[in-house]
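The file my_file32.cif contains mmCIF, C-alpha atoms and all ligand atoms:
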```cif
data_upload
#
loop_
_atom_site.label_atom_id
_atom_site.label_comp_id
_atom_site.auth_asym_id
_atom_site.auth_seq_id
_atom_site.Cartn_x
_atom_site.Cartn_y
_atom_site.Cartn_z
CA MET A 181 -25.56 15.24 -9.78
CA SER A 182 -22.71 15.41 -7.28
CA TYR A 183 -22.75 13.56 -3.96
CA PHE A 184 -19.60 15.09 -2.54
CA ALA A 185 -19.87 18.63 -3.89
CA ASN A 186 -17.66 20.06 -1.11
CA VAL A 187 -14.72 17.89 -2.06
CA GLY A 188 -12.55 18.24 -5.15
CA LYS A 189 -9.92 15.89 -6.51
CA ILE A 190 -7.53 14.87 -3.73
CA GLN A 191 -3.97 15.73 -4.73
CA PHE A 192 -0.56 14.97 -3.35
CA GLU A 193 0.64 18.18 -1.70
CA GLY A 194 3.49 16.89 0.43
CA LYS A 195 4.35 16.94 4.09
CA GLN A 196 4.24 20.70 4.54
CA SER A 197 0.64 21.00 3.30
CA ASP A 198 -1.99 21.82 5.89
CA ASN A 199 -4.86 21.00 3.55
CA PRO A 200 -6.79 18.17 5.26
CA LEU A 201 -8.12 17.07 1.86
CA ALA A 202 -4.68 16.36 0.39
CA PHE A 203 -2.16 13.55 0.56
CA LYS A 204 0.99 14.31 2.55
CA HIS A 205 2.83 11.08 1.68
CA TYR A 206 0.88 9.14 -0.93
CA ASN A 207 2.15 10.27 -4.28
CA PRO A 208 0.86 7.73 -6.84
CA ASP A 209 3.55 8.42 -9.45
CA GLU A 210 6.54 8.48 -7.11
CA ILE A 211 8.86 5.54 -7.67
CA VAL A 212 9.63 3.57 -4.52
CA LEU A 213 11.58 0.32 -4.68
CA GLY A 214 11.43 0.39 -8.45
CA LYS A 215 7.66 0.75 -8.83
CA ARG A 216 5.06 3.53 -8.87
CA MET A 217 3.51 3.83 -5.43
CA GLU A 218 0.06 3.31 -6.89
CA ASP A 219 1.18 0.04 -8.49
CA TYR A 220 2.90 -1.15 -5.33
CA LEU A 221 0.02 -0.45 -2.99
CA ARG A 222 -3.01 -1.11 -5.20
CA PHE A 223 -5.41 0.52 -2.74
CA ALA A 224 -9.04 -0.53 -2.69
CA CYS A 225 -12.19 0.86 -1.11
CA ALA A 226 -14.51 -1.58 0.71
CA TYR A 227 -18.03 -0.95 -0.56
CA TRP A 228 -19.74 -2.37 2.54
CA HIS A 229 -18.18 0.03 5.01
CA THR A 230 -18.07 3.14 2.87
CA PHE A 231 -21.36 2.98 0.95
CA THR A 232 -23.57 0.34 2.58
CA GLY A 233 -22.78 0.72 6.28
CA GLU A 234 -24.59 3.38 8.25
CA GLY A 235 -22.83 3.28 11.58
CA ALA A 236 -25.32 1.15 13.52
CA ASP A 237 -24.09 -0.72 16.57
CA PRO A 238 -25.85 -3.15 18.95
CA PHE A 239 -27.03 -0.19 21.02
CA GLY A 240 -28.30 2.15 18.38
CA VAL A 241 -29.23 2.78 14.79
CA GLY A 242 -26.92 4.31 12.20
CA THR A 243 -25.62 7.83 12.69
CA ALA A 244 -24.07 8.32 9.26
CA VAL A 245 -25.24 11.33 7.29
CA ARG A 246 -24.97 10.24 3.65
CA PRO A 247 -25.98 12.08 0.51
CA TRP A 248 -27.88 8.96 -0.60
CA SER A 249 -29.83 8.57 2.68
CA GLY A 250 -33.58 8.65 2.24
CA ALA A 251 -33.66 6.50 -0.87
CA SER A 252 -34.58 2.81 -0.58
CA GLY A 253 -34.51 -0.48 -2.48
CA ILE A 254 -33.07 -0.45 -5.97
CA ASP A 255 -33.04 3.38 -6.03
CA LEU A 256 -30.77 3.42 -3.02
CA ALA A 257 -28.55 0.78 -4.62
CA LYS A 258 -28.20 2.92 -7.76
CA LYS A 259 -27.45 6.08 -5.83
CA ARG A 260 -24.73 4.26 -3.95
CA VAL A 261 -23.13 3.17 -7.22
CA GLU A 262 -23.18 6.74 -8.54
CA ALA A 263 -21.73 8.08 -5.29
CA SER A 264 -19.10 5.33 -5.14
CA PHE A 265 -17.58 6.18 -8.52
CA GLU A 266 -17.51 9.88 -7.68
CA PHE A 267 -15.75 8.95 -4.44
CA TYR A 268 -13.16 6.65 -6.09
CA GLU A 269 -12.36 9.23 -8.72
CA LYS A 270 -12.05 12.16 -6.33
CA LEU A 271 -9.92 10.12 -3.96
CA GLY A 272 -7.84 8.61 -6.76
CA ILE A 273 -8.24 5.09 -5.35
CA PRO A 274 -7.68 2.56 -8.14
CA TYR A 275 -9.80 -0.38 -6.88
CA PHE A 276 -12.93 -1.33 -5.01
CA CYS A 277 -14.28 -4.55 -3.43
CA PHE A 278 -17.81 -5.71 -2.62
CA HIS A 279 -20.04 -8.50 -1.34
CA ASP A 280 -22.96 -9.30 -3.64
CA ARG A 281 -25.44 -8.07 -1.01
CA ASP A 282 -23.63 -4.77 -0.49
CA ILE A 283 -24.44 -3.57 -3.96
CA ALA A 284 -28.00 -4.83 -4.44
CA PRO A 285 -30.97 -5.84 -2.25
CA GLU A 286 -32.31 -9.41 -2.14
CA GLY A 287 -35.52 -10.56 -3.81
CA ALA A 288 -37.90 -13.33 -2.75
CA THR A 289 -35.99 -16.11 -4.54
CA LEU A 290 -32.42 -16.45 -5.65
CA ARG A 291 -33.63 -16.04 -9.23
CA GLU A 292 -35.17 -12.68 -8.33
CA THR A 293 -32.11 -11.68 -6.29
CA ASN A 294 -29.84 -12.46 -9.23
CA ARG A 295 -32.01 -10.39 -11.54
CA ILE A 296 -31.70 -7.36 -9.25
CA LEU A 297 -27.98 -7.99 -8.91
CA ASP A 298 -27.59 -8.09 -12.70
CA GLU A 299 -29.17 -4.68 -12.99
CA ILE A 300 -26.66 -3.13 -10.60
CA VAL A 301 -23.73 -5.09 -12.04
CA SER A 302 -24.49 -3.76 -15.50
CA MET A 303 -24.61 -0.23 -14.09
CA ILE A 304 -21.24 -0.76 -12.39
CA LYS A 305 -19.87 -2.16 -15.62
CA ASP A 306 -20.89 0.99 -17.48
CA TYR A 307 -19.18 3.18 -14.88
CA MET A 308 -16.04 1.04 -15.12
CA LYS A 309 -15.92 1.64 -18.87
CA THR A 310 -15.53 5.38 -18.43
CA SER A 311 -13.29 5.35 -15.36
CA ASN A 312 -9.93 3.78 -14.50
CA VAL A 313 -11.30 2.15 -11.38
CA LYS A 314 -11.12 -1.65 -11.27
CA LEU A 315 -12.56 -4.41 -9.14
CA LEU A 316 -9.91 -5.88 -6.84
CA TRP A 317 -12.22 -8.60 -5.56
CA ASN A 318 -15.79 -9.59 -5.07
CA THR A 319 -17.28 -12.07 -2.66
CA ALA A 320 -20.59 -13.53 -1.49
CA ASN A 321 -22.31 -12.49 1.70
CA MET A 322 -23.36 -15.83 3.18
CA PHE A 323 -23.74 -14.69 6.77
CA THR A 324 -26.37 -11.91 7.07
CA ASN A 325 -29.53 -13.69 5.93
CA PRO A 326 -31.10 -15.99 8.59
CA ARG A 327 -30.86 -18.95 6.18
CA PHE A 328 -27.16 -19.06 7.07
CA VAL A 329 -27.81 -19.48 10.78
CA HIS A 330 -25.91 -22.81 10.84
CA GLY A 331 -23.31 -21.79 8.25
CA ALA A 332 -23.25 -21.96 4.46
CA ALA A 333 -20.94 -24.63 3.01
CA THR A 334 -20.65 -26.11 6.53
CA SER A 335 -24.34 -25.97 7.34
CA ASN A 336 -26.06 -29.15 8.55
CA ASN A 337 -28.77 -28.33 6.01
CA ALA A 338 -27.98 -29.55 2.48
CA GLU A 339 -30.40 -27.02 0.97
CA VAL A 340 -28.35 -24.22 2.47
CA PHE A 341 -25.23 -25.80 0.98
CA ALA A 342 -27.00 -25.78 -2.39
CA TYR A 343 -28.03 -22.16 -1.96
CA ALA A 344 -24.48 -21.15 -1.07
CA ALA A 345 -23.14 -23.01 -4.11
CA ALA A 346 -25.58 -21.23 -6.39
CA GLN A 347 -24.69 -17.90 -4.80
CA VAL A 348 -20.94 -18.37 -5.31
CA LYS A 349 -21.59 -19.63 -8.85
CA LYS A 350 -23.29 -16.30 -9.54
CA GLY A 351 -20.44 -14.47 -7.76
CA LEU A 352 -17.90 -16.04 -10.09
CA GLU A 353 -19.99 -15.05 -13.09
CA VAL A 354 -20.18 -11.47 -11.78
CA GLY A 355 -16.42 -11.54 -11.13
CA LYS A 356 -15.85 -12.57 -14.71
CA GLU A 357 -18.25 -9.93 -16.02
CA LEU A 358 -16.54 -7.12 -14.10
CA GLY A 359 -13.00 -8.50 -14.43
CA SER A 360 -12.37 -8.91 -10.70
CA GLU A 361 -8.72 -9.74 -10.14
CA ASN A 362 -9.45 -11.96 -7.14
CA TYR A 363 -12.38 -13.77 -5.59
CA VAL A 364 -12.54 -13.85 -1.78
CA PHE A 365 -13.91 -16.49 0.54
CA TRP A 366 -14.23 -15.24 4.08
CA GLY A 367 -15.68 -17.93 6.34
CA GLY A 368 -18.63 -15.93 7.65
CA ARG A 369 -20.59 -18.45 9.71
CA GLU A 370 -18.39 -21.40 8.71
CA GLY A 371 -17.56 -22.62 12.18
CA TYR A 372 -19.37 -24.12 15.13
CA GLU A 373 -20.52 -23.38 18.62
CA THR A 374 -20.32 -26.75 20.34
CA LEU A 375 -19.41 -30.35 19.53
CA LEU A 376 -22.59 -31.49 21.32
CA ASN A 377 -24.46 -31.33 18.00
CA THR A 378 -21.67 -30.99 15.42
CA ASP A 379 -20.18 -33.44 12.92
CA LEU A 380 -16.84 -31.67 12.60
CA LYS A 381 -15.44 -34.06 10.02
CA LEU A 382 -18.47 -33.81 7.72
CA GLU A 383 -18.49 -30.01 7.94
CA LEU A 384 -14.80 -29.74 7.02
CA ASP A 385 -15.16 -32.31 4.23
CA ASN A 386 -18.12 -30.36 2.87
CA LEU A 387 -16.20 -27.10 2.99
CA ALA A 388 -13.44 -28.72 0.92
CA ARG A 389 -16.04 -30.13 -1.50
CA PHE A 390 -17.45 -26.65 -1.87
CA PHE A 391 -14.05 -25.17 -2.72
CA HIS A 392 -13.35 -27.91 -5.27
CA MET A 393 -16.70 -27.14 -6.93
CA ALA A 394 -15.78 -23.44 -7.03
CA ILE A 395 -12.44 -24.21 -8.67
CA ASN A 396 -14.12 -26.42 -11.25
CA TYR A 397 -16.77 -23.85 -12.07
CA ALA A 398 -14.24 -21.01 -12.39
CA LYS A 399 -12.34 -23.18 -14.85
CA GLU A 400 -15.47 -24.03 -16.75
CA ILE A 401 -16.43 -20.40 -17.32
CA GLY A 402 -12.86 -19.13 -17.76
CA TYR A 403 -12.79 -16.98 -14.62
CA THR A 404 -9.09 -16.41 -13.97
CA GLY A 405 -9.06 -14.27 -10.81
CA GLN A 406 -6.97 -15.50 -7.88
CA PHE A 407 -8.96 -17.34 -5.19
CA LEU A 408 -8.32 -15.95 -1.72
CA ILE A 409 -9.32 -17.27 1.70
CA GLU A 410 -9.54 -14.73 4.49
CA PRO A 411 -8.83 -16.22 7.91
CA LYS A 412 -10.61 -14.94 11.00
CA PRO A 413 -11.08 -16.37 14.52
CA LYS A 414 -13.92 -16.05 17.04
CA GLU A 415 -16.43 -13.99 15.04
CA PRO A 416 -19.19 -14.73 14.35
CA SER A 417 -18.92 -18.32 15.59
CA LYS A 418 -16.90 -19.42 18.57
CA HIS A 419 -14.78 -21.89 16.59
CA GLN A 420 -14.21 -20.40 13.13
CA TYR A 421 -12.80 -22.99 10.71
CA ASP A 422 -10.32 -20.56 9.10
CA PHE A 423 -8.99 -19.42 12.47
CA ASP A 424 -5.68 -18.03 11.26
CA ALA A 425 -3.16 -18.38 8.43
CA ALA A 426 -1.52 -21.57 9.72
CA THR A 427 -4.86 -23.33 10.29
CA THR A 428 -6.11 -22.30 6.86
CA ILE A 429 -2.96 -23.42 5.08
CA ALA A 430 -3.10 -26.81 6.83
CA PHE A 431 -6.74 -27.23 5.77
CA LEU A 432 -5.95 -26.35 2.15
CA GLN A 433 -3.03 -28.75 2.15
CA SER A 434 -5.00 -31.65 3.64
CA TYR A 435 -7.69 -31.34 1.00
CA GLY A 436 -5.46 -30.84 -2.05
CA LEU A 437 -6.53 -27.22 -2.44
CA LYS A 438 -3.31 -25.34 -1.67
CA ASP A 439 -2.27 -24.62 -5.25
CA HIS A 440 -5.59 -22.97 -6.01
CA PHE A 441 -5.65 -20.43 -3.21
CA LYS A 442 -3.76 -17.63 -1.56
CA LEU A 443 -4.68 -15.80 1.61
CA ASN A 444 -6.23 -12.41 2.20
CA ILE A 445 -4.83 -11.33 5.54
CA GLU A 446 -6.70 -8.80 7.64
CA ALA A 447 -4.91 -6.89 10.39
CA ASN A 448 -7.79 -6.95 12.87
CA HIS A 449 -8.36 -10.68 12.34
CA ALA A 450 -4.70 -11.33 13.10
CA THR A 451 -4.89 -9.55 16.44
CA LEU A 452 -8.15 -11.32 17.34
CA ALA A 453 -6.32 -14.61 16.75
CA GLY A 454 -3.68 -13.53 19.25
CA HIS A 455 -1.12 -12.76 16.55
CA THR A 456 0.37 -9.60 15.15
CA PHE A 457 -0.51 -8.59 11.60
CA GLU A 458 3.11 -9.15 10.57
CA HIS A 459 3.04 -12.66 12.02
CA GLU A 460 0.09 -13.62 9.83
CA LEU A 461 1.73 -12.01 6.81
CA ARG A 462 5.01 -13.81 7.48
CA VAL A 463 3.36 -17.21 7.90
CA SER A 464 1.52 -16.67 4.61
CA ARG A 465 4.59 -15.35 2.82
CA ILE A 466 6.99 -18.14 3.75
CA ASN A 467 4.39 -20.63 2.56
CA GLY A 468 4.00 -18.81 -0.76
CA MET A 469 0.42 -17.95 0.20
CA LEU A 470 0.35 -14.18 0.68
CA GLY A 471 -2.19 -12.87 -1.81
CA SER A 472 -3.79 -9.66 -0.57
CA ILE A 473 -4.47 -7.70 2.59
CA ASP A 474 -7.44 -6.13 4.34
CA ALA A 475 -5.95 -3.00 5.82
CA ASN A 476 -7.41 -1.89 9.12
CA GLN A 477 -6.59 -2.01 12.79
CA GLY A 478 -8.29 -3.28 15.91
CA ASP A 479 -8.41 -1.78 19.34
CA LEU A 480 -6.22 -3.81 21.64
CA LEU A 481 -8.45 -2.88 24.58
CA LEU A 482 -11.49 -4.39 22.87
CA GLY A 483 -11.95 -8.05 22.03
CA TRP A 484 -13.86 -7.69 18.78
CA ASP A 485 -13.42 -6.72 15.16
CA THR A 486 -13.54 -2.91 15.24
CA ASP A 487 -12.27 -2.41 11.66
CA GLU A 488 -10.66 0.98 12.29
CA PHE A 489 -8.80 2.79 9.55
CA PRO A 490 -5.10 1.92 9.79
CA THR A 491 -3.05 4.78 11.24
CA ASP A 492 -0.56 2.87 13.38
CA LEU A 493 2.72 3.63 11.60
CA TYR A 494 4.66 1.05 13.55
CA ALA A 495 2.37 -1.86 12.68
CA VAL A 496 1.93 -0.71 9.08
CA THR A 497 5.70 -0.44 8.57
CA LEU A 498 6.21 -4.01 9.75
CA ALA A 499 3.34 -5.15 7.53
CA MET A 500 4.76 -3.31 4.52
CA TYR A 501 8.10 -5.03 5.16
CA GLU A 502 6.39 -8.40 4.66
CA ILE A 503 4.67 -7.16 1.51
CA VAL A 504 7.95 -5.87 0.09
CA GLU A 505 9.71 -9.13 0.96
CA ASN A 506 6.88 -10.91 -0.83
CA GLY A 507 7.75 -8.92 -3.96
CA GLY A 508 4.44 -7.03 -3.67
CA LEU A 509 0.97 -8.53 -3.68
CA GLY A 510 0.67 -9.70 -7.28
CA SER A 511 -2.99 -9.50 -8.27
CA GLY A 512 -3.89 -8.57 -4.68
CA GLY A 513 -3.89 -5.16 -3.07
CA VAL A 514 -4.42 -3.11 0.06
CA ASN A 515 -8.17 -3.08 0.71
CA PHE A 516 -9.40 -0.70 3.37
CA ASP A 517 -11.78 -3.04 5.15
CA ALA A 518 -12.30 -0.23 7.61
CA LYS A 519 -15.14 1.96 8.76
CA VAL A 520 -15.23 5.48 10.08
CA ARG A 521 -16.19 5.58 13.75
CA ARG A 522 -19.85 6.07 14.57
CA THR A 523 -18.96 9.49 15.85
CA SER A 524 -17.36 10.47 12.50
CA PHE A 525 -20.68 10.66 10.72
CA GLU A 526 -20.21 13.32 8.07
CA PRO A 527 -19.54 12.45 4.42
CA GLU A 528 -16.16 14.26 4.48
CA ASP A 529 -15.02 11.81 7.15
CA LEU A 530 -14.97 9.10 4.46
CA PHE A 531 -12.30 11.10 2.64
CA TYR A 532 -10.30 11.95 5.77
CA ALA A 533 -10.30 8.29 6.79
CA HIS A 534 -9.05 6.99 3.44
CA ILE A 535 -6.46 9.75 3.17
CA ALA A 536 -5.15 8.83 6.64
CA GLY A 537 -4.95 5.16 5.68
CA MET A 538 -3.32 5.79 2.31
CA ASP A 539 -0.77 8.19 3.79
CA THR A 540 0.04 5.72 6.55
CA PHE A 541 0.72 2.93 4.04
CA ALA A 542 2.72 5.28 1.80
CA ARG A 543 4.88 6.21 4.78
CA GLY A 544 5.25 2.56 5.68
CA LEU A 545 6.41 1.77 2.15
CA LYS A 546 8.92 4.62 2.14
CA THR A 547 10.27 3.59 5.54
CA VAL A 548 10.69 0.02 4.34
CA ALA A 549 12.63 1.30 1.31
CA LYS A 550 15.10 2.95 3.72
CA LEU A 551 15.28 -0.12 5.94
CA LYS A 552 15.98 -2.27 2.87
CA GLU A 553 18.60 0.14 1.58
CA ASP A 554 20.47 -0.21 4.88
CA GLY A 555 19.82 -3.94 5.14
CA PHE A 556 18.43 -3.21 8.62
CA PHE A 557 16.62 -6.48 9.39
CA GLU A 558 18.87 -8.53 7.09
CA LYS A 559 21.96 -7.60 9.11
CA ILE A 560 20.25 -8.30 12.43
CA VAL A 561 18.98 -11.70 11.34
CA ASP A 562 22.18 -12.71 9.51
CA ASP A 563 24.20 -11.93 12.58
CA ARG A 564 21.80 -13.67 14.97
CA TYR A 565 21.82 -16.90 12.96
CA ALA A 566 25.53 -16.77 12.06
CA SER A 567 26.10 -20.12 13.77
CA PHE A 568 24.27 -21.79 10.87
CA LYS A 569 26.58 -20.29 8.24
CA SER A 570 29.64 -22.44 8.97
CA GLY A 571 30.86 -25.48 10.88
CA ILE A 572 28.31 -27.66 12.59
CA GLY A 573 25.46 -25.23 11.84
CA LEU A 574 26.13 -25.40 8.11
CA ASP A 575 26.20 -29.22 8.35
CA ILE A 576 22.75 -29.15 9.97
CA VAL A 577 21.34 -26.86 7.30
CA ASN A 578 22.90 -28.89 4.48
CA GLY A 579 21.54 -32.15 5.84
CA LYS A 580 25.01 -33.50 6.60
CA ALA A 581 24.41 -33.93 10.32
CA ASP A 582 22.51 -36.57 12.24
CA PHE A 583 21.93 -37.31 15.92
CA LYS A 584 25.13 -39.35 16.14
CA SER A 585 27.41 -36.74 14.54
CA LEU A 586 25.80 -34.00 16.63
CA GLN A 587 26.30 -35.96 19.81
CA ALA A 588 29.95 -36.57 18.93
CA TYR A 589 30.40 -32.85 18.27
CA ILE A 590 28.81 -31.60 21.50
CA ILE A 591 29.26 -34.28 24.10
CA ASP A 592 32.55 -33.07 25.54
CA LYS A 593 32.05 -29.29 25.13
CA ASP A 594 32.11 -27.68 28.52
CA ASN A 595 30.67 -24.33 27.64
CA ILE A 596 28.02 -23.18 25.17
CA VAL A 597 28.05 -19.40 24.66
CA ASN A 598 24.84 -17.53 23.81
CA ARG A 599 24.73 -13.90 22.72
CA SER A 600 22.27 -11.17 23.65
CA GLY A 601 19.30 -10.66 21.32
CA ARG A 602 19.76 -6.87 21.73
CA LEU A 603 16.05 -6.24 21.47
CA GLU A 604 16.03 -2.77 23.04
CA LEU A 605 18.90 -1.66 20.82
CA ILE A 606 16.93 -2.86 17.78
CA LYS A 607 13.70 -1.16 18.83
CA GLY A 608 15.48 2.13 19.49
CA ALA A 609 17.16 2.01 16.10
CA LEU A 610 13.89 1.10 14.36
CA ASN A 611 12.19 4.15 15.89
CA GLU A 612 14.73 6.32 14.11
CA TYR A 613 13.46 5.00 10.76
CA ILE A 614 9.78 5.14 11.55
CA PHE A 615 9.44 8.43 13.40
C1 LIG B 1 -15.49 -9.71 8.24
C2 LIG B 1 -14.65 -9.77 7.05
C3 LIG B 1 -15.38 -9.57 5.74
C4 LIG B 1 -14.54 -10.03 4.58
C5 LIG B 1 -15.29 -10.21 3.32
O1 LIG B 1 -15.00 -9.62 9.36
O2 LIG B 1 -13.59 -8.88 7.22
O3 LIG B 1 -15.80 -8.26 5.58
O4 LIG B 1 -13.45 -9.17 4.34
O5 LIG B 1 -16.37 -11.04 3.47
CA CA B 2 -11.97 -8.40 5.81
CA CA B 3 -12.98 -7.41 9.86
#
```
Can you give me the file's structure in the form of structure tokens?
Ligand code: XLS
Ligand code: CA
Ligand code: CA
Amino acid sequence: MSYFANVGKIQFEGKQSDNPLAFKHYNPDEIVLGKRMEDYLRFACAYWHTFTGEGADPFGVGTAVRPWSGASGIDLAKKRVEASFEFYEKLGIPYFCFHDRDIAPEGATLRETNRILDEIVSMIKDYMKTSNVKLLWNTANMFTNPRFVHGAATSNNAEVFAYAAAQVKKGLEVGKELGSENYVFWGGREGYETLLNTDLKLELDNLARFFHMAINYAKEIGYTGQFLIEPKPKEPSKHQYDFDAATTIAFLQSYGLKDHFKLNIEANHATLAGHTFEHELRVSRINGMLGSIDANQGDLLLGWDTDEFPTDLYAVTLAMYEIVENGGLGSGGVNFDAKVRRTSFEPEDLFYAHIAGMDTFARGLKTVAKLKEDGFFEKIVDDRYASFKSGIGLDIVNGKADFKSLQAYIIDKDNIVNRSGRLELIKGALNEYIF
């Protein structure tokens, strides 16, 4: 049975092609910066948006027309798995990601839920045997069910903490079973609304306890995937504990967890935090913490997480620069945590959306290769910070200066000369690379 009978295998046809079901820039085998594009970008499909989501919003039910619509329960879950592998293979996307609850419905108890999950996991495992598609990461949904109303690992209710622990325990076992290359912790409802009823210290201590337990259990069962934390501000709780990269890194450091984690940086979460995507990537990178990315874009006119497919070449180029400077993403990848708009409700739209995202990242990568070849940013930054390459600046950098020597150096100087940052010149020149 075919779910996407109208669509064949998506091929690279190049820029001149007018076939909407072809790549114009993403050519998996093309070598860019010494690596195959496919290996550099490690694209992944987000199960929740592409197979589970139906396009509902707070004002209306789902609009999505899906070949698996009409089925329910475990039947629906199985149809989604079948459709997903057909989709990955036709698109030529090498990875996928899921939350436990995306792939299988819940039962009355966790025992029952795990049994249903096992059934779907074993089906996925069979599909993985006969395809080249791999699991980039899996995670636990600890935010949809009402039991998580006060959070999961930061809930005031110890039984909810226990439930969350058991759920992540199972997630790590599933990760091991399917060979997931990373395991993601996105905060979900880990945050608070008001200090009027919140023990902030206990909640943060408990969150750290939870992570230590996860590390210990992964070790115990020999799960070797990279642990990733995905920062996000504002949603769903007003004060999310993993607000942004800097906050998350500080938390990990305070609790002796830093060596066990990297970050999964999402574009839309960066902008919600009042940062650019590249800022969040840079902060992670310079701290040795950049692990993976959730590729999407927000709408700067809207204050929430719209999870649009990434098509902004400018932003993606600057993001790809950070990834290239990071030496790639290691075991991480570029996961399209993005959903087609509610108005793009036909099954083909799922292909168009991923093609647009993959082509945009491929273009970003190729542009960065040119920028690197010309040393574009390196020259700008070297020149701008030249004062630290010799004389007093070099003394500061080498730790040879102190307040007394600096005072002696500067106290009688009658003019300090600054130079223009040349921002408009830089932006104009950058446009020539991108467009
Ligand atoms: C929600 C998050 C979530 C994580 C995985 O905003 O992006 O989907 O990526 O739990
Ligand atoms: Ca995400
Ligand atoms: Ca998001």
Env of range 332-336 of chain A: 7 Å cut, atoms = all atoms listed in the file, seq-sep filter 3 positions within chain, self excluded. Answer as a PDB file with C-alpha atoms, keeping the file's coordinate frame.
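Output (out-v1.pdb):
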```pdb
ATOM      1  CA  MET A 322     -23.360 -15.830   3.180  1.00  0.00           C
ATOM      2  CA  PHE A 328     -27.160 -19.060   7.070  1.00  0.00           C
ATOM      3  CA  VAL A 340     -28.350 -24.220   2.470  1.00  0.00           C
ATOM      4  CA  PHE A 341     -25.230 -25.800   0.980  1.00  0.00           C
ATOM      5  CA  ALA A 344     -24.480 -21.150  -1.070  1.00  0.00           C
ATOM      6  CA  ARG A 369     -20.590 -18.450   9.710  1.00  0.00           C
ATOM      7  CA  GLU A 370     -18.390 -21.400   8.710  1.00  0.00           C
ATOM      8  CA  GLU A 383     -18.490 -30.010   7.940  1.00  0.00           C
ATOM      9  CA  LEU A 384     -14.800 -29.740   7.020  1.00  0.00           C
ATOM     10  CA  ASN A 386     -18.120 -30.360   2.870  1.00  0.00           C
ATOM     11  CA  LEU A 387     -16.200 -27.100   2.990  1.00  0.00           C
ATOM     12  CA  PHE A 390     -17.450 -26.650  -1.870  1.00  0.00           C
TER      13      PHE A 390
END
```
Can you tell me, as a VMD selection string, what residues are no more than 12 Å from Leu586 in chain A when counting only C-alpha atoms, ignoring any on the same chain fewer than 3 positions away? chain A and resid 571 to 573 575 to 576 579 to 583 589 to 593
Given 12 Å and only C-alpha atoms and all ligand atoms, residues near ligand CA 2 (chain B) as a ChimeraX atom specification: /A:224-229,277-279,317-319,321,364-368,408-413,415,443-450,472-478,485-488,514-519
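Among A:His330, A:Arg216, A:Lys399, A:Lys414, the residue with the shortest atom-to-atom distance to ligand CA 3 (chain B), counting only C-alpha atoms and all ligand atoms, is A:Lys414.
Using only C-alpha atoms and all ligand atoms for every distance, the candidate list A:Asp479, A:Asp562, A:Glu505, A:Asp539 yields A:Asp479 as the residue closest to ligand CA 3 (chain B).
CA of Gly512 in chain A to CA of Leu316 in chain A spans 6.9 Å [interatomic distance, one decimal].
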Hey, could you patch up range 536-547 of chain A with N, CA and C atoms and hand it over as a PDB file, in the coordinates of the input?
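Result file follows (result00.pdb):
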```
ATOM      1  N   ALA A 536      -6.014   9.235   5.514  1.00  0.00           N
ATOM      2  CA  ALA A 536      -5.150   8.830   6.640  1.00  0.00           C
ATOM      3  C   ALA A 536      -4.575   7.433   6.391  1.00  0.00           C
ATOM      4  N   GLY A 537      -5.421   6.524   5.938  1.00  0.00           N
ATOM      5  CA  GLY A 537      -4.950   5.160   5.680  1.00  0.00           C
ATOM      6  C   GLY A 537      -3.934   5.108   4.548  1.00  0.00           C
ATOM      7  N   MET A 538      -4.218   5.823   3.480  1.00  0.00           N
ATOM      8  CA  MET A 538      -3.320   5.790   2.310  1.00  0.00           C
ATOM      9  C   MET A 538      -1.977   6.445   2.651  1.00  0.00           C
ATOM     10  N   ASP A 539      -2.026   7.553   3.377  1.00  0.00           N
ATOM     11  CA  ASP A 539      -0.770   8.190   3.790  1.00  0.00           C
ATOM     12  C   ASP A 539       0.029   7.293   4.728  1.00  0.00           C
ATOM     13  N   THR A 540      -0.670   6.597   5.610  1.00  0.00           N
ATOM     14  CA  THR A 540       0.040   5.720   6.550  1.00  0.00           C
ATOM     15  C   THR A 540       0.754   4.597   5.782  1.00  0.00           C
ATOM     16  N   PHE A 541       0.072   3.991   4.824  1.00  0.00           N
ATOM     17  CA  PHE A 541       0.720   2.930   4.040  1.00  0.00           C
ATOM     18  C   PHE A 541       1.845   3.479   3.170  1.00  0.00           C
ATOM     19  N   ALA A 542       1.652   4.688   2.616  1.00  0.00           N
ATOM     20  CA  ALA A 542       2.720   5.280   1.800  1.00  0.00           C
ATOM     21  C   ALA A 542       3.959   5.522   2.661  1.00  0.00           C
ATOM     22  N   ARG A 543       3.744   6.015   3.885  1.00  0.00           N
ATOM     23  CA  ARG A 543       4.880   6.210   4.780  1.00  0.00           C
ATOM     24  C   ARG A 543       5.532   4.884   5.126  1.00  0.00           C
ATOM     25  N   GLY A 544       4.711   3.885   5.378  1.00  0.00           N
ATOM     26  CA  GLY A 544       5.250   2.560   5.680  1.00  0.00           C
ATOM     27  C   GLY A 544       6.132   2.065   4.533  1.00  0.00           C
ATOM     28  N   LEU A 545       5.637   2.230   3.316  1.00  0.00           N
ATOM     29  CA  LEU A 545       6.410   1.770   2.150  1.00  0.00           C
ATOM     30  C   LEU A 545       7.733   2.525   2.046  1.00  0.00           C
ATOM     31  N   LYS A 546       7.682   3.838   2.247  1.00  0.00           N
ATOM     32  CA  LYS A 546       8.920   4.620   2.140  1.00  0.00           C
ATOM     33  C   LYS A 546       9.912   4.260   3.249  1.00  0.00           C
ATOM     34  N   THR A 547       9.384   3.995   4.438  1.00  0.00           N
ATOM     35  CA  THR A 547      10.270   3.590   5.540  1.00  0.00           C
ATOM     36  C   THR A 547      10.918   2.241   5.219  1.00  0.00           C
TER      37      THR A 547
END
```
